[in-house]
Amino acid sequence: MIELSTGVKMKDSDFRRIKEYIENEVGIKLPYIKKTMVESRLNKRRNAVGVQTFNEYLDHVFAPGVGKVELINMIDAVTTNKTDFFREPEHFHFLTTQVLPSYADKNNLKYIKLWSAGCSTGEEAYTTCMVLNDYLRSHPSFHYNILATDISTEVLRKGMNAVYSMERVAKIPLETKKRYLLKSKDKTKNTVRIIPELRKKVTFQQLNFMDDYYDISYKFDVVFCRNVLIYFNKPTQEKVIRKISRKIKTGGYLFLGHSETIIDMKLPLKQLGPTIFQKIDA
Amino acid sequence: MKFTIKAKLILATIVQLSAALVVFYIGNNNAYQLNKKIDEIIKVNTQRINLSAKIAEDVQFITKREKDLILSKDREVLMDLVKQVDARTEDMENRYAELKDISDEKGVEILDNFQLRWSEYTSSFAKIKSLSMGVKNDSTEQLAYEISSTTARQKALEAVTIVSQIVRKNEKALEAANLETNALYESGERLMWIILGVSLLVATVLAFWIIITITSSIHKAMSAIKAVSEGDLTVNIESTNKDEIGDLLEYLKDMIVKLKEVITFVSTAADQIAAASEQMSSSSQQMSQGSTEQAASTEEVSSSMEEMVSNIQQNTENAQATEKIAIKASDDIREGSHSVNETVQSMKLIANKISIISEIARQTNLLALNAAVEAARAGEHGKGFAVVAAEVRKLAERSQVAATEINTLSSSSVETAVTSGRLLVEIVPNIQKTASLVQEIAAASIEQNSGASQVNSAIQQLNLVVQSNAATSEEMSASAEELANQASELREAIIFFNVGNNLGKKSRRKVKPRKKKPEVSEHMIAAKSKKSSGVVLDMDVDDDSDEEYEQF
Ligand SMILES: C[S@@+](CC[C@H](N)C(=O)[O-])C[C@H]1O[C@@H](n2cnc3c(N)ncnc32)[C@H](O)[C@@H]1O
């Protein structure tokens, strides 16, 4: 007899515990309507931990000392990590037409530092690598490296591993795929992996946007912080963008997601186009 | 008529300029009159006075010489005196002519009078001269002196008096002129004052008029513009002023109309966008919820499937094992039936052998009987032997009984063995049937297993898709909410403009301010300390190795 491993219902009090913790520490807003989502995402974790109720699960998560690992798992579970290769391509177009030309000077070799803030599984960072490498093929060189940060260790691990299913790269032009991807020898796996040369360009690091300051010792020329703010409420959004913009060089660029805006926030940023901003002197 | 500010200002300026011109003209005219008068005074009266005085002097000069002429004896001196008098007379006559030229009627009359006296004097003088120039003696001298002191003196005096009349007359004229100029000046001054007063009045009135009209229209414009700047587009602007500000108000009116149109448009658009994005937000929220639920159920189905697959796998294995066992059993049974047959044979053989044993026992019994008989015959010596023979006989009897028992037993055993043999032979096909059935089950099970695996992988695929859909719709929902917020912000911004209907009056939902961040909880320390210890995650923790990959 097959037994269905059905999830258990989450009590409102459990949800409130999670909500309070996540909103304060991760910034992601969790209105009541998200209960189903949280419930279904955490049911897996609850099963994995092997307890019957969410109450027990949360006690486990928040237990001093022992819960740390599961806390990270819980955060992993409530973050939404949707991402894609070549997502919102206008930004990459802007990069190659407006940003990179000023750096491509053979006689004055520059170092471009980019930051994929809220990188999820790394597609954004690797797409940027592909775009930059393509640009370098036809233009005098510069150096670059990319810092990719996220709060979720799960996605960071996937990003570092840089293995993706064939479907996820289906839309990348064949030329680009040939240049920057390896495919699995085992045909049943049907996966691809980013070539080591590009993987070397990207450094993955855990960073929580809610931290009081970001432990990064240098400033960036280009920052992607796309589709992260939409999960935060307005005051948090402003705080996060303020902290991020401190890490952008004057004249550097910030790209936000397609529905995000910094309208009526007092920030040292000048809008160059929809969702494209430039850091100005504060 | 259109009275522009420009026209007003030009009018005012013109009025003031012309007032100034009039004042200037009057002043100038006055000065001209005065100047003319003064000229006259200087040129004519003073000249007359001067000339008259000079003429009086001349007269005196001449009369003086006349005396000298009488007194002097020296011819030389006399000649000189005559010459002097002649010269002076000429001068005087010139002066006289000149004076006459510039004299008015009265003057001429006076001068004629003078002329009369003077000619009388000259004739006296001529007498004196001839007396003096002739041979002088006391009588001549006496005569001359007489003439000189009477007629001549008389006439000269009269002449001088007449001339001084001219002086006096002109002095009077001067006085009159003074009075006249004073009057002239006064009247001019008065006129100027009047004109100044009038022009001041006119200018003030004009200025007031201009200021009042301009400020009133500017006020109108100001209040309209202020209203607009405060977002009130319902202001009713009627521009009664037909000036530039009136035009300005007209343009403002046009602008407001356009603005109203645009804002109404933007506002309805914003409303629609807000409504649509709220709709979108709520439906993507629903979708997100739906897909999360879907994801949860596919997750469940997937794990059930997983279990099912392992169950099937187990079944397959069990069936395969059963099959093997059945085959083995049928083989074993077949073998068993062989053994049973052999057993039957052996038993039959045993029965044979037993009947031999039974025969031997019977003969032994006979022999023992014989031996007992023989022993009895032998008497005492045969006694021991008789005991043995009896024992042997007993043994032979027991052997016979046992052989008989064995015989019956073995014949029934043979019967049983035959039955078992038969039964076993009968079982074999059944077992074979079972084995082949189990074989079929195993095969079906294998089939089922691969099917279930396929279903499972499909479900896992589906699960991935559904999970990714869930993430996508979650993201879409967040995105749509963000858009909805922005749309309502836009609506909020548009509400600033009052276009006279209830545009976007719906209150915006308030974003609750976030509570102050609590102390960093113990739980986060894990992540944080990791971060501060520079958790640049190690690139070599790869789950996969490049060895498993090849060129794309
Ligand atoms: C939807 S993904 C965006 C991925 C990528 N930037 C893109 O646009 O394709 C948002 C990411 O933000 C991360 N995130 C959410 N809250 C965070 C926080 N407080 N600090 C750091 N990362 C956070 C999530 O883990 C998730 O991977």
# chains A, B, ... in the order shown; residues from 1 in each chain; ligands from 1
>>> interface_residues(of="chain A", to="chain B", cutoff="6 Å", atoms="only C-alpha atoms", output="compact mmCIF listing (two decimals) with all heavy atoms, in the first residue's frame")
# COMPACT_ATOMS: atom_id res chain seq x y z
N LEU A 4 0.75 8.33 0.85
CA LEU A 4 1.06 9.67 0.34
C LEU A 4 1.69 10.50 1.45
O LEU A 4 1.15 10.60 2.54
CB LEU A 4 -0.21 10.37 -0.16
CG LEU A 4 -0.70 9.94 -1.53
CD1 LEU A 4 -1.94 10.74 -1.92
CD2 LEU A 4 0.37 10.09 -2.59
N MET A 37 2.41 29.54 0.22
CA MET A 37 3.74 29.36 -0.36
C MET A 37 4.72 28.90 0.70
O MET A 37 5.45 27.91 0.51
CB MET A 37 4.19 30.69 -0.97
CG MET A 37 5.54 30.62 -1.59
SD MET A 37 6.23 32.25 -1.87
CE MET A 37 7.05 32.54 -0.33
N SER A 40 4.03 25.32 1.79
CA SER A 40 4.42 24.24 0.89
C SER A 40 5.94 24.16 0.77
O SER A 40 6.50 23.10 0.66
CB SER A 40 3.76 24.41 -0.47
OG SER A 40 4.48 25.32 -1.25
N LYS A 68 21.12 26.42 13.54
CA LYS A 68 21.74 27.29 12.54
C LYS A 68 21.67 26.72 11.13
O LYS A 68 21.35 27.44 10.18
CB LYS A 68 23.18 27.56 12.91
CG LYS A 68 23.28 28.62 14.00
CD LYS A 68 24.66 28.71 14.54
CE LYS A 68 24.66 29.52 15.82
NZ LYS A 68 25.91 29.36 16.54
N THR A 80 12.70 33.38 -3.24
CA THR A 80 12.30 33.01 -4.59
C THR A 80 13.49 33.29 -5.49
O THR A 80 14.00 34.41 -5.52
CB THR A 80 11.09 33.85 -5.03
OG1 THR A 80 10.02 33.55 -4.14
CG2 THR A 80 10.68 33.52 -6.45
N LYS A 82 13.98 32.85 -8.87
CA LYS A 82 13.81 32.84 -10.31
C LYS A 82 14.89 33.67 -11.00
O LYS A 82 15.17 34.79 -10.60
CB LYS A 82 12.46 33.43 -10.69
CG LYS A 82 12.15 33.18 -12.15
CD LYS A 82 11.22 34.20 -12.73
CE LYS A 82 11.43 34.35 -14.21
NZ LYS A 82 11.62 33.11 -14.95
N ASN A 161 28.71 25.63 -8.80
CA ASN A 161 28.80 24.38 -9.57
C ASN A 161 28.61 24.66 -11.05
O ASN A 161 29.19 24.00 -11.90
CB ASN A 161 27.75 23.40 -9.04
CG ASN A 161 28.00 22.00 -9.50
OD1 ASN A 161 29.15 21.65 -9.76
ND2 ASN A 161 26.94 21.22 -9.63
N LYS A 178 28.46 27.38 -27.82
CA LYS A 178 29.67 26.65 -28.19
C LYS A 178 30.89 27.26 -27.53
O LYS A 178 31.84 26.58 -27.17
CB LYS A 178 29.84 26.69 -29.71
CG LYS A 178 28.90 25.72 -30.41
CD LYS A 178 29.40 25.44 -31.79
CE LYS A 178 28.69 24.25 -32.37
NZ LYS A 178 28.27 24.49 -33.76
N LEU A 181 30.04 27.05 -23.14
CA LEU A 181 29.43 25.96 -22.38
C LEU A 181 30.05 24.62 -22.73
O LEU A 181 30.54 24.41 -23.85
CB LEU A 181 27.92 25.88 -22.67
CG LEU A 181 27.07 27.12 -22.34
CD1 LEU A 181 25.64 26.88 -22.74
CD2 LEU A 181 27.16 27.45 -20.87
N LEU A 182 30.03 23.75 -21.74
CA LEU A 182 30.40 22.35 -21.98
C LEU A 182 29.12 21.55 -21.83
O LEU A 182 28.23 21.94 -21.09
CB LEU A 182 31.39 21.90 -20.91
CG LEU A 182 32.68 22.69 -20.77
CD1 LEU A 182 33.41 22.25 -19.52
CD2 LEU A 182 33.56 22.52 -22.00
N LYS A 183 29.04 20.40 -22.54
CA LYS A 183 27.83 19.60 -22.33
C LYS A 183 28.19 18.23 -21.77
O LYS A 183 29.30 17.73 -21.97
CB LYS A 183 27.02 19.47 -23.62
CG LYS A 183 27.72 18.78 -24.75
CD LYS A 183 26.80 18.72 -25.96
CE LYS A 183 27.59 18.21 -27.17
NZ LYS A 183 26.83 18.32 -28.40
N SER A 184 27.23 17.68 -21.08
CA SER A 184 27.53 16.43 -20.39
C SER A 184 27.76 15.30 -21.38
O SER A 184 27.06 15.18 -22.38
CB SER A 184 26.37 16.07 -19.45
OG SER A 184 25.17 16.05 -20.19
N LYS A 185 28.76 14.51 -21.07
CA LYS A 185 29.02 13.35 -21.95
C LYS A 185 27.90 12.35 -21.79
O LYS A 185 27.48 11.71 -22.74
CB LYS A 185 30.34 12.70 -21.55
CG LYS A 185 31.54 13.54 -21.93
CD LYS A 185 32.83 12.85 -21.51
CE LYS A 185 34.01 13.79 -21.68
NZ LYS A 185 35.18 13.33 -20.90
N GLN A 205 29.78 34.76 -2.99
CA GLN A 205 29.94 35.10 -1.58
C GLN A 205 28.57 35.29 -0.97
O GLN A 205 27.68 35.83 -1.62
CB GLN A 205 30.75 36.39 -1.49
CG GLN A 205 31.04 36.81 -0.08
CD GLN A 205 31.83 38.11 -0.02
OE1 GLN A 205 32.62 38.41 -0.91
NE2 GLN A 205 31.59 38.89 1.00
N ILE A 230 11.78 43.91 -5.31
CA ILE A 230 10.35 43.65 -5.33
C ILE A 230 9.88 42.82 -4.15
O ILE A 230 8.73 42.84 -3.82
CB ILE A 230 9.90 42.96 -6.64
CG1 ILE A 230 10.84 41.81 -6.99
CG2 ILE A 230 9.80 43.95 -7.77
CD1 ILE A 230 10.37 41.01 -8.20
N SER A 259 10.55 46.07 -12.98
CA SER A 259 9.43 46.76 -12.33
C SER A 259 9.88 47.57 -11.13
O SER A 259 9.07 48.09 -10.38
CB SER A 259 8.37 45.76 -11.92
OG SER A 259 8.94 44.86 -11.00
>>> residues_near_ligand(ligand="ligand 1", cutoff="6 Å", atoms="only C-alpha atoms and all ligand atoms", output="ChimeraX atom specification")
/A:26-28,79-84,118-120,124,150-152,207-210,225-228
>>> select_by_dssp(residues="region 90-199 of chain A", states="strand (DSSP E or B)", output="number ranges by chain")
A: 111-117, 143-150, 163-165, 181-184, 191-194
>>> write_last_selection(atoms="N, CA, C and O atoms", output="CSV table (one decimal), in the first residue's frame")
chain,number,residue,atom,x,y,z
A,111,TYR,N,40.5,47.9,-15.0
A,111,TYR,CA,39.9,46.8,-14.3
A,111,TYR,C,38.5,47.1,-14.0
A,111,TYR,O,38.2,48.0,-13.3
A,112,ILE,N,37.6,46.3,-14.6
A,112,ILE,CA,36.2,46.6,-14.3
A,112,ILE,C,35.7,45.6,-13.3
A,112,ILE,O,35.9,44.4,-13.4
A,113,LYS,N,35.0,46.2,-12.3
A,113,LYS,CA,34.5,45.3,-11.2
A,113,LYS,C,33.0,45.4,-11.3
A,113,LYS,O,32.4,46.4,-11.3
A,114,LEU,N,32.4,44.2,-11.4
A,114,LEU,CA,30.9,44.1,-11.4
A,114,LEU,C,30.4,43.3,-10.3
A,114,LEU,O,31.1,42.5,-9.7
A,115,TRP,N,29.2,43.6,-10.0
A,115,TRP,CA,28.5,42.9,-8.8
A,115,TRP,C,27.2,42.5,-9.2
A,115,TRP,O,26.3,43.3,-9.6
A,116,SER,N,27.0,41.2,-9.1
A,116,SER,CA,25.6,40.6,-9.3
A,116,SER,C,25.0,40.5,-7.9
A,116,SER,O,25.3,39.5,-7.2
A,117,ALA,N,24.3,41.5,-7.5
A,117,ALA,CA,23.8,41.5,-6.1
A,117,ALA,C,22.4,40.8,-6.1
A,117,ALA,O,21.5,41.3,-6.7
A,143,HIS,N,40.4,44.3,-18.0
A,143,HIS,CA,40.2,43.1,-17.1
A,143,HIS,C,38.9,43.3,-16.4
A,143,HIS,O,38.4,44.4,-16.3
A,144,TYR,N,38.3,42.2,-16.0
A,144,TYR,CA,37.1,42.3,-15.2
A,144,TYR,C,37.0,41.2,-14.3
A,144,TYR,O,37.6,40.1,-14.5
A,145,ASN,N,36.2,41.4,-13.2
A,145,ASN,CA,35.8,40.2,-12.4
A,145,ASN,C,34.4,40.5,-11.8
A,145,ASN,O,34.0,41.7,-11.8
A,146,ILE,N,33.7,39.5,-11.4
A,146,ILE,CA,32.4,39.7,-11.0
A,146,ILE,C,32.2,39.1,-9.6
A,146,ILE,O,32.7,37.9,-9.3
A,147,LEU,N,31.6,39.8,-8.7
A,147,LEU,CA,31.3,39.3,-7.4
A,147,LEU,C,29.8,39.0,-7.5
A,147,LEU,O,29.0,39.8,-7.9
A,148,ALA,N,29.4,37.7,-7.1
A,148,ALA,CA,28.0,37.3,-7.1
A,148,ALA,C,27.7,37.0,-5.6
A,148,ALA,O,28.3,36.2,-5.0
A,149,THR,N,26.7,37.7,-5.1
A,149,THR,CA,26.3,37.5,-3.7
A,149,THR,C,24.8,37.1,-3.6
A,149,THR,O,24.0,37.6,-4.5
A,150,ASP,N,24.5,36.4,-2.6
A,150,ASP,CA,23.1,36.1,-2.3
A,150,ASP,C,23.0,35.6,-0.9
A,150,ASP,O,24.0,35.3,-0.3
A,163,VAL,N,26.3,24.2,-13.2
A,163,VAL,CA,25.7,23.2,-14.0
A,163,VAL,C,24.2,23.5,-14.2
A,163,VAL,O,23.5,23.8,-13.2
A,164,TYR,N,23.8,23.5,-15.5
A,164,TYR,CA,22.4,23.9,-15.7
A,164,TYR,C,21.8,22.9,-16.7
A,164,TYR,O,22.5,22.3,-17.5
A,165,SER,N,20.5,22.8,-16.6
A,165,SER,CA,19.8,21.8,-17.5
A,165,SER,C,19.8,22.5,-18.9
A,165,SER,O,19.9,23.7,-19.1
A,181,LEU,N,30.0,27.1,-23.1
A,181,LEU,CA,29.4,26.0,-22.4
A,181,LEU,C,30.1,24.6,-22.7
A,181,LEU,O,30.5,24.4,-23.8
A,182,LEU,N,30.0,23.7,-21.7
A,182,LEU,CA,30.4,22.4,-22.0
A,182,LEU,C,29.1,21.5,-21.8
A,182,LEU,O,28.2,21.9,-21.1
A,183,LYS,N,29.0,20.4,-22.5
A,183,LYS,CA,27.8,19.6,-22.3
A,183,LYS,C,28.2,18.2,-21.8
A,183,LYS,O,29.3,17.7,-22.0
A,184,SER,N,27.2,17.7,-21.1
A,184,SER,CA,27.5,16.4,-20.4
A,184,SER,C,27.8,15.3,-21.4
A,184,SER,O,27.1,15.2,-22.4
A,191,THR,N,22.8,18.0,-19.3
A,191,THR,CA,23.1,19.2,-18.6
A,191,THR,C,24.3,19.9,-19.3
A,191,THR,O,25.0,19.3,-20.1
A,192,VAL,N,24.4,21.2,-19.0
A,192,VAL,CA,25.6,21.9,-19.5
A,192,VAL,C,26.4,22.5,-18.3
A,192,VAL,O,25.8,22.7,-17.2
A,193,ARG,N,27.6,22.9,-18.6
A,193,ARG,CA,28.4,23.5,-17.5
A,193,ARG,C,29.1,24.7,-18.1
A,193,ARG,O,29.6,24.6,-19.2
A,194,ILE,N,29.3,25.7,-17.3
A,194,ILE,CA,30.0,26.9,-17.8
A,194,ILE,C,31.5,26.6,-17.9
A,194,ILE,O,32.0,25.9,-17.0
>>> atom_distance(atom1="CA of Ser355 (chain B)", atom2="CA of Leu395 (chain B)")
16.1 Å
>>> select_by_dssp(residues="region 173-265 of chain B", states="alpha helix (DSSP H)", output="PyMOL selection string")
chain B and resi 173-229+244-265
